[in-house]
Amino acid sequence: MKRKTIAGAALGAATLALAVLSACADTISAGIDTPPPQKPTFADPDAAAPIPPPEAGLCNAYECPAPYATCPGTSGLCTTNLSNDVSHCGACDSECPNSLPIRQKLHASFACAKSRCQMLCAGPWGDCNGLVDDGCETSLDDDPQNCGLCGATCKAGEICWKGACGCPSGFTQCGDSCVQLDQDDSNCGACGHQCTDPPPDAGPTVWPCGPSVVPPASGVNCLAAKCGVHCSPGFANCNTDACGDGCETFVVTDHDNCGACGNKCRDDQACVGGKCICDADKTRCGGDCVDLESDPLNCGACGNACPGASGDGFTFHGSPVCTLGRCGYDCPPGYADCDHRIENGCEVDLMVDPTHCGSCGAQCDLKGGQPCAGGRCLTKPCDAGVVH
C-alpha cells in the first residue's frame with residue numbers, strides 16, 4: 001500500500017510539472033514566437049498598415065546600424081546604405097564618378113559595392129594597367145598584347161581580330177584585318193587585289209553578255225576568288241536567264257528562294273535575312289521571331305507591349321515582364337510597387353522606408369520618428385524604469 005501511495009504521488013507531481021512546463025512554454029512562445037496566423041483582411045492597397053504594439057522590453061532606437069547612415073541632404077534617419085549607394089559610397093561625402101563625360105572618357109561606369117567604388121569597363125575595353133585614372137584604357141578587340149582579356153598575348157606577327165588571336169577558318173590575314181579572299185572585292189583571290197571594270201575587249205569569259213554589258217542586279221565583283229560580272233550581294237539568277245532579266249531574285253526575303261535558289265520556307269515561315277523563320281516554338285511578329293509567352297514587347301499577341309518602362313536603377317526601379325502571355329511588373333530585391341502605379345516603377349525602398357519597412361504598409365513608429373534600416377524598424381532594450 002505504501003508503494004502505491006508513493007507511485008500515486010509521483011504521478012501527481014509529474015502531471016503538475018507537465019502543466020507548469022506547458023504554461024511556461026505558452027508564456028515563452030507568446031513573448032518570442034510570431035503570433036498565430038490571423039484571418040486575412042481586405043483593405044485599400046494604399047492604406048497604411050496598423051502600427052504593431054512594441055515588443056516587450058524594446059523601445060525605439062535611433063542609432064544607425066552599419067552600413068546605414070543619415071547623410072546630409074537626404075530625408076529621414078538611416079536612409080542611406082553606404083555599402084551600395086553610388087552617391088554616398090563608404091561615407092556620406094564619398095561619391096562615385098558617374099557623369100557622362102567621365103564615363104565616355106574612361107570607357108567605364110562606376111558602382112558602389114561593399115562600400116567601395118568599383119570601376120566597370122564598357123564593351124571591349126579593359127583596365128590592363130590597373131590605374132583608375134585612365135580608366136579602361138585598352139581595346140581588347142585589337143590589342144595583340146591584350147587580346148580578348150588583359151595579359152592574353154598573341155604570337156609574333158599574329159593580329160588580334162575581334163578579341164581573338166589570328167584569323168578564323170575561312171579568313172586570311174590582310175594587313176590588320178581578316179578577310180574572305182573568295183568574296184572580298186578589295187582582296188579577291190589575294191590580299192590587295194581589287195575588282196575593277198575590265199577592258200571592253202576582255203572577251204566573253206569576262207563579259208558573258210557582251211562587251212561592257214552588266215545585267216540587272218549584277219556588277220563586277222568577287223566570286224569564287226575571281227573578279228567578273230556576277231550577281232550583286234543578296235541577289236541570284238534563279239531562272240537561269242542572266243543576260244535577260246539578270247539576277248532577278250532577292251534571296252534575302254524571297255519565300256521560295258530563301259538564301260539560295262530553291263530553298264523554300266514552310267507556309268508558316270517567312271524569309272528574313274536569307275533565313276526561314278520562325279521555329280515551331282516562336283511566332284513571327286514583323287521581322288522577328290518571338291515567344292508570345294515571355295516577350296514583354298509582344299505579350300500574348302504581336303505588338304502587345306507590356307506597360308511601364310525599364311528602370312535605370314537611379315530614378316526608379318523595376319521593369320515590365322511577360323509571364324505565360326500575361327503582363328506584369330517585376331521589382332528587384334528590396335524594392336516594391338506599393339502605390340500600384342507602373343509609371344513610377346518600384347518606387348519604395350523597403351530597406352529604409354519607415355512607412356513600408358520590409359513590406360508594403362508595414363509602418364514603424366512614425367510619430368516617434370523610428371527609422372527603418374535593413375527592412376526592420378530599429379529597436380533596442382528599454383532603460384529600466386521607462387514607461388511605454
# chains A, B, ... in the order shown; residues from 1 in each chain; ligands from 1
>>> residues_around(residues="region 196-211 of chain A", least_positions_apart="2", cutoff="7 Å", atoms="only C-alpha atoms", output="MDAnalysis selection string")
chainID A and resid 194 213 220 228:229 243
>>> write_last_selection(atoms="N, CA and C atoms", output="short mmCIF file (atom, residue, chain, number, x, y, z; two decimals), in the first residue's frame")
data_model
loop_
_atom_site.label_atom_id
_atom_site.label_comp_id
_atom_site.auth_asym_id
_atom_site.auth_seq_id
_atom_site.Cartn_x
_atom_site.Cartn_y
_atom_site.Cartn_z
N GLN A 194 42.02 44.20 -106.04
CA GLN A 194 40.70 44.83 -106.04
C GLN A 194 40.02 44.65 -107.39
N VAL A 213 28.63 44.88 -120.93
CA VAL A 213 27.21 44.71 -120.60
C VAL A 213 27.09 44.14 -119.18
N VAL A 220 30.49 44.09 -111.37
CA VAL A 220 31.82 43.50 -111.39
C VAL A 220 32.27 43.32 -109.95
N GLY A 228 34.75 39.31 -111.82
CA GLY A 228 33.98 39.15 -113.03
C GLY A 228 32.59 39.74 -112.85
N VAL A 229 31.74 39.55 -113.88
CA VAL A 229 30.36 40.04 -113.79
C VAL A 229 29.53 38.97 -113.07
N CYS A 243 21.40 36.97 -118.91
CA CYS A 243 21.52 38.07 -119.87
C CYS A 243 20.17 38.68 -120.23
#
>>> residues_around(residues="region 322-332 of chain A", least_positions_apart="2", cutoff="12 Å", atoms="only C-alpha atoms", output="VMD selection string")
chain A and resid 290 to 302 304 to 313 316 to 320 334 to 338 340 to 350
>>> write_last_selection(atoms="C-alpha atoms", output="short mmCIF file (atom, residue, chain, number, x, y, z; two decimals), in the first residue's frame")
data_model
loop_
_atom_site.label_atom_id
_atom_site.label_comp_id
_atom_site.auth_asym_id
_atom_site.auth_seq_id
_atom_site.Cartn_x
_atom_site.Cartn_y
_atom_site.Cartn_z
CA VAL A 290 9.31 35.99 -80.56
CA ASP A 291 7.93 33.89 -77.73
CA LEU A 292 4.46 35.28 -77.01
CA GLU A 293 4.60 33.62 -73.59
CA SER A 294 7.57 35.67 -72.36
CA ASP A 295 8.27 38.63 -74.67
CA PRO A 296 7.27 41.89 -72.90
CA LEU A 297 7.08 43.66 -76.28
CA ASN A 298 4.74 41.01 -77.73
CA CYS A 299 2.96 39.53 -74.75
CA GLY A 300 0.19 37.13 -75.70
CA ALA A 301 -0.09 38.71 -79.14
CA CYS A 302 2.11 40.55 -81.64
CA ASN A 304 1.03 43.89 -77.27
CA ALA A 305 3.77 45.66 -75.31
CA CYS A 306 3.56 45.42 -71.54
CA PRO A 307 3.16 48.87 -69.93
CA GLY A 308 5.86 50.50 -67.89
CA ALA A 309 9.45 51.45 -68.64
CA SER A 310 12.58 49.66 -67.52
CA GLY A 311 14.11 51.40 -64.53
CA ASP A 312 17.64 52.78 -64.69
CA GLY A 313 18.46 51.97 -61.06
CA PHE A 316 13.14 54.28 -60.39
CA HIS A 317 13.45 50.52 -60.34
CA GLY A 318 11.79 47.54 -61.99
CA SER A 319 10.79 46.53 -65.49
CA PRO A 320 7.77 45.11 -67.33
CA GLY A 334 14.45 45.20 -51.73
CA TYR A 335 12.05 47.33 -53.79
CA ALA A 336 8.27 47.27 -54.20
CA ASP A 337 5.47 48.94 -56.14
CA CYS A 338 3.40 49.97 -53.14
CA HIS A 340 0.42 50.26 -57.76
CA ARG A 341 1.42 52.87 -60.36
CA ILE A 342 3.52 51.40 -63.14
CA GLU A 343 4.62 54.78 -64.44
CA ASN A 344 6.91 55.37 -61.43
CA GLY A 345 8.14 51.79 -61.22
CA CYS A 346 9.01 50.14 -57.92
CA GLU A 347 9.09 53.39 -56.03
CA VAL A 348 9.64 52.11 -52.47
CA ASP A 349 12.94 51.03 -50.96
CA LEU A 350 11.71 48.51 -48.42
#
>>> closest_residue(among="A:Ser218, A:Asn98, A:Ser139, A:Asn84", to="Leu120 (chain A)", atoms="only C-alpha atoms")
A:Asn98
>>> residues_around(residues="Asp176 (chain A)", least_positions_apart="2", cutoff="10 Å", atoms="only C-alpha atoms", output="short mmCIF file (atom, residue, chain, number, x, y, z; two decimals) with C-alpha atoms, in the first residue's frame")
data_model
loop_
_atom_site.label_atom_id
_atom_site.label_comp_id
_atom_site.auth_asym_id
_atom_site.auth_seq_id
_atom_site.Cartn_x
_atom_site.Cartn_y
_atom_site.Cartn_z
CA ASP A 142 42.52 44.51 -81.44
CA GLU A 158 49.72 37.43 -85.34
CA ILE A 159 46.98 40.03 -85.22
CA CYS A 160 44.20 40.37 -82.68
CA TRP A 161 40.90 40.47 -84.54
CA GLN A 173 45.04 37.99 -92.73
CA CYS A 174 45.42 41.06 -94.96
CA CYS A 178 40.79 39.16 -91.60
CA VAL A 179 39.09 38.83 -94.99
#
>>> residues_around(residues="region 183-189 of chain A", least_positions_apart="5", cutoff="6 Å", atoms="only C-alpha atoms", output="PyMOL selection string")
chain A and resi 194-195+221-223+225
>>> select_by_dssp(residues="region 184-303 of chain A", states="strand (DSSP E)", output="list of chain:residue names")
A:Ser218, A:Gly219, A:Val220, A:Asn221, A:Cys222, A:Leu223, A:Lys226, A:Cys227, A:Gly228, A:Val229, A:His230, A:Cys231, A:Phe235, A:Ala236, A:Thr249, A:Phe250, A:Ala270, A:Cys271, A:Val272, A:Lys275, A:Cys276, A:Ile277, A:Thr283, A:Arg284, A:Cys285, A:Asp288, A:Cys289, A:Val290
>>> atom_distance(atom1="CA of Thr172 (chain A)", atom2="CA of Ser232 (chain A)")
22.6 Å
>>> residues_around(residues="Ser109 (chain A)", least_positions_apart="5", cutoff="8 Å", atoms="only C-alpha atoms", output="number ranges by chain")
A: 97-98, 103, 119-122
>>> residues_around(residues="Gly262 (chain A)", least_positions_apart="5", cutoff="12 Å", atoms="only C-alpha atoms", output="number ranges by chain")
A: 236-239, 249, 251, 254-257
>>> residues_around(residues="Cys278 (chain A)", least_positions_apart="6", cutoff="12 Å", atoms="only C-alpha atoms", output="number ranges by chain")
A: 265-272, 284-291
>>> write_last_selection(atoms="N, CA and C atoms", output="PDB file, in the first residue's frame")
ATOM      1  N   CYS A 265      10.729  28.119 -97.878  1.00  0.00           N
ATOM      2  CA  CYS A 265      10.326  28.096 -96.470  1.00  0.00           C
ATOM      3  C   CYS A 265       8.966  27.425 -96.329  1.00  0.00           C
ATOM      4  N   ARG A 266       8.666  26.987 -95.109  1.00  0.00           N
ATOM      5  CA  ARG A 266       7.341  26.435 -94.836  1.00  0.00           C
ATOM      6  C   ARG A 266       6.293  27.533 -94.955  1.00  0.00           C
ATOM      7  N   ASP A 267       5.028  27.114 -95.092  1.00  0.00           N
ATOM      8  CA  ASP A 267       3.949  28.086 -95.249  1.00  0.00           C
ATOM      9  C   ASP A 267       3.838  29.014 -94.050  1.00  0.00           C
ATOM     10  N   ASP A 268       4.160  28.499 -92.851  1.00  0.00           N
ATOM     11  CA  ASP A 268       4.039  29.329 -91.648  1.00  0.00           C
ATOM     12  C   ASP A 268       5.326  30.088 -91.346  1.00  0.00           C
ATOM     13  N   GLN A 269       6.280  30.047 -92.253  1.00  0.00           N
ATOM     14  CA  GLN A 269       7.534  30.752 -92.052  1.00  0.00           C
ATOM     15  C   GLN A 269       7.667  31.928 -93.013  1.00  0.00           C
ATOM     16  N   ALA A 270       8.592  32.821 -92.665  1.00  0.00           N
ATOM     17  CA  ALA A 270       8.935  33.940 -93.539  1.00  0.00           C
ATOM     18  C   ALA A 270      10.431  33.907 -93.793  1.00  0.00           C
ATOM     19  N   CYS A 271      10.847  34.528 -94.872  1.00  0.00           N
ATOM     20  CA  CYS A 271      12.268  34.615 -95.196  1.00  0.00           C
ATOM     21  C   CYS A 271      12.774  35.984 -94.746  1.00  0.00           C
ATOM     22  N   VAL A 272      13.645  35.978 -93.763  1.00  0.00           N
ATOM     23  CA  VAL A 272      14.199  37.219 -93.211  1.00  0.00           C
ATOM     24  C   VAL A 272      15.710  37.071 -93.135  1.00  0.00           C
ATOM     25  N   ARG A 284       6.069  34.672 -85.570  1.00  0.00           N
ATOM     26  CA  ARG A 284       6.622  35.781 -86.345  1.00  0.00           C
ATOM     27  C   ARG A 284       5.819  37.046 -86.090  1.00  0.00           C
ATOM     28  N   CYS A 285       6.534  38.051 -85.584  1.00  0.00           N
ATOM     29  CA  CYS A 285       5.949  39.374 -85.389  1.00  0.00           C
ATOM     30  C   CYS A 285       6.790  40.349 -86.187  1.00  0.00           C
ATOM     31  N   GLY A 286       6.279  40.769 -87.347  1.00  0.00           N
ATOM     32  CA  GLY A 286       7.076  41.588 -88.246  1.00  0.00           C
ATOM     33  C   GLY A 286       8.234  40.774 -88.774  1.00  0.00           C
ATOM     34  N   GLY A 287       9.452  41.249 -88.558  1.00  0.00           N
ATOM     35  CA  GLY A 287      10.635  40.523 -88.999  1.00  0.00           C
ATOM     36  C   GLY A 287      11.327  39.777 -87.895  1.00  0.00           C
ATOM     37  N   ASP A 288      10.673  39.633 -86.745  1.00  0.00           N
ATOM     38  CA  ASP A 288      11.305  38.974 -85.605  1.00  0.00           C
ATOM     39  C   ASP A 288      10.542  37.719 -85.213  1.00  0.00           C
ATOM     40  N   CYS A 289      11.287  36.784 -84.630  1.00  0.00           N
ATOM     41  CA  CYS A 289      10.683  35.582 -84.046  1.00  0.00           C
ATOM     42  C   CYS A 289      10.630  35.784 -82.539  1.00  0.00           C
ATOM     43  N   VAL A 290       9.454  35.702 -81.977  1.00  0.00           N
ATOM     44  CA  VAL A 290       9.308  35.985 -80.558  1.00  0.00           C
ATOM     45  C   VAL A 290       8.525  34.873 -79.873  1.00  0.00           C
ATOM     46  N   ASP A 291       8.699  34.807 -78.561  1.00  0.00           N
ATOM     47  CA  ASP A 291       7.929  33.894 -77.734  1.00  0.00           C
ATOM     48  C   ASP A 291       6.814  34.707 -77.080  1.00  0.00           C
TER      49      ASP A 291
END
>>> closest_residue(among="A:Cys191, A:Leu106, A:Arg116, A:Ser169", to="Leu131 (chain A)", atoms="only C-alpha atoms")
A:Leu106
>>> atom_distance(atom1="CA of Ala242 (chain A)", atom2="CA of Gly274 (chain A)")
20.9 Å
>>> closest_residue(among="A:Thr79, A:Asp127, A:Phe235, A:Thr283", to="Cys357 (chain A)", atoms="only C-alpha atoms")
A:Thr79
>>> atom_distance(atom1="CA of Met351 (chain A)", atom2="CA of Ser94 (chain A)")
21.0 Å
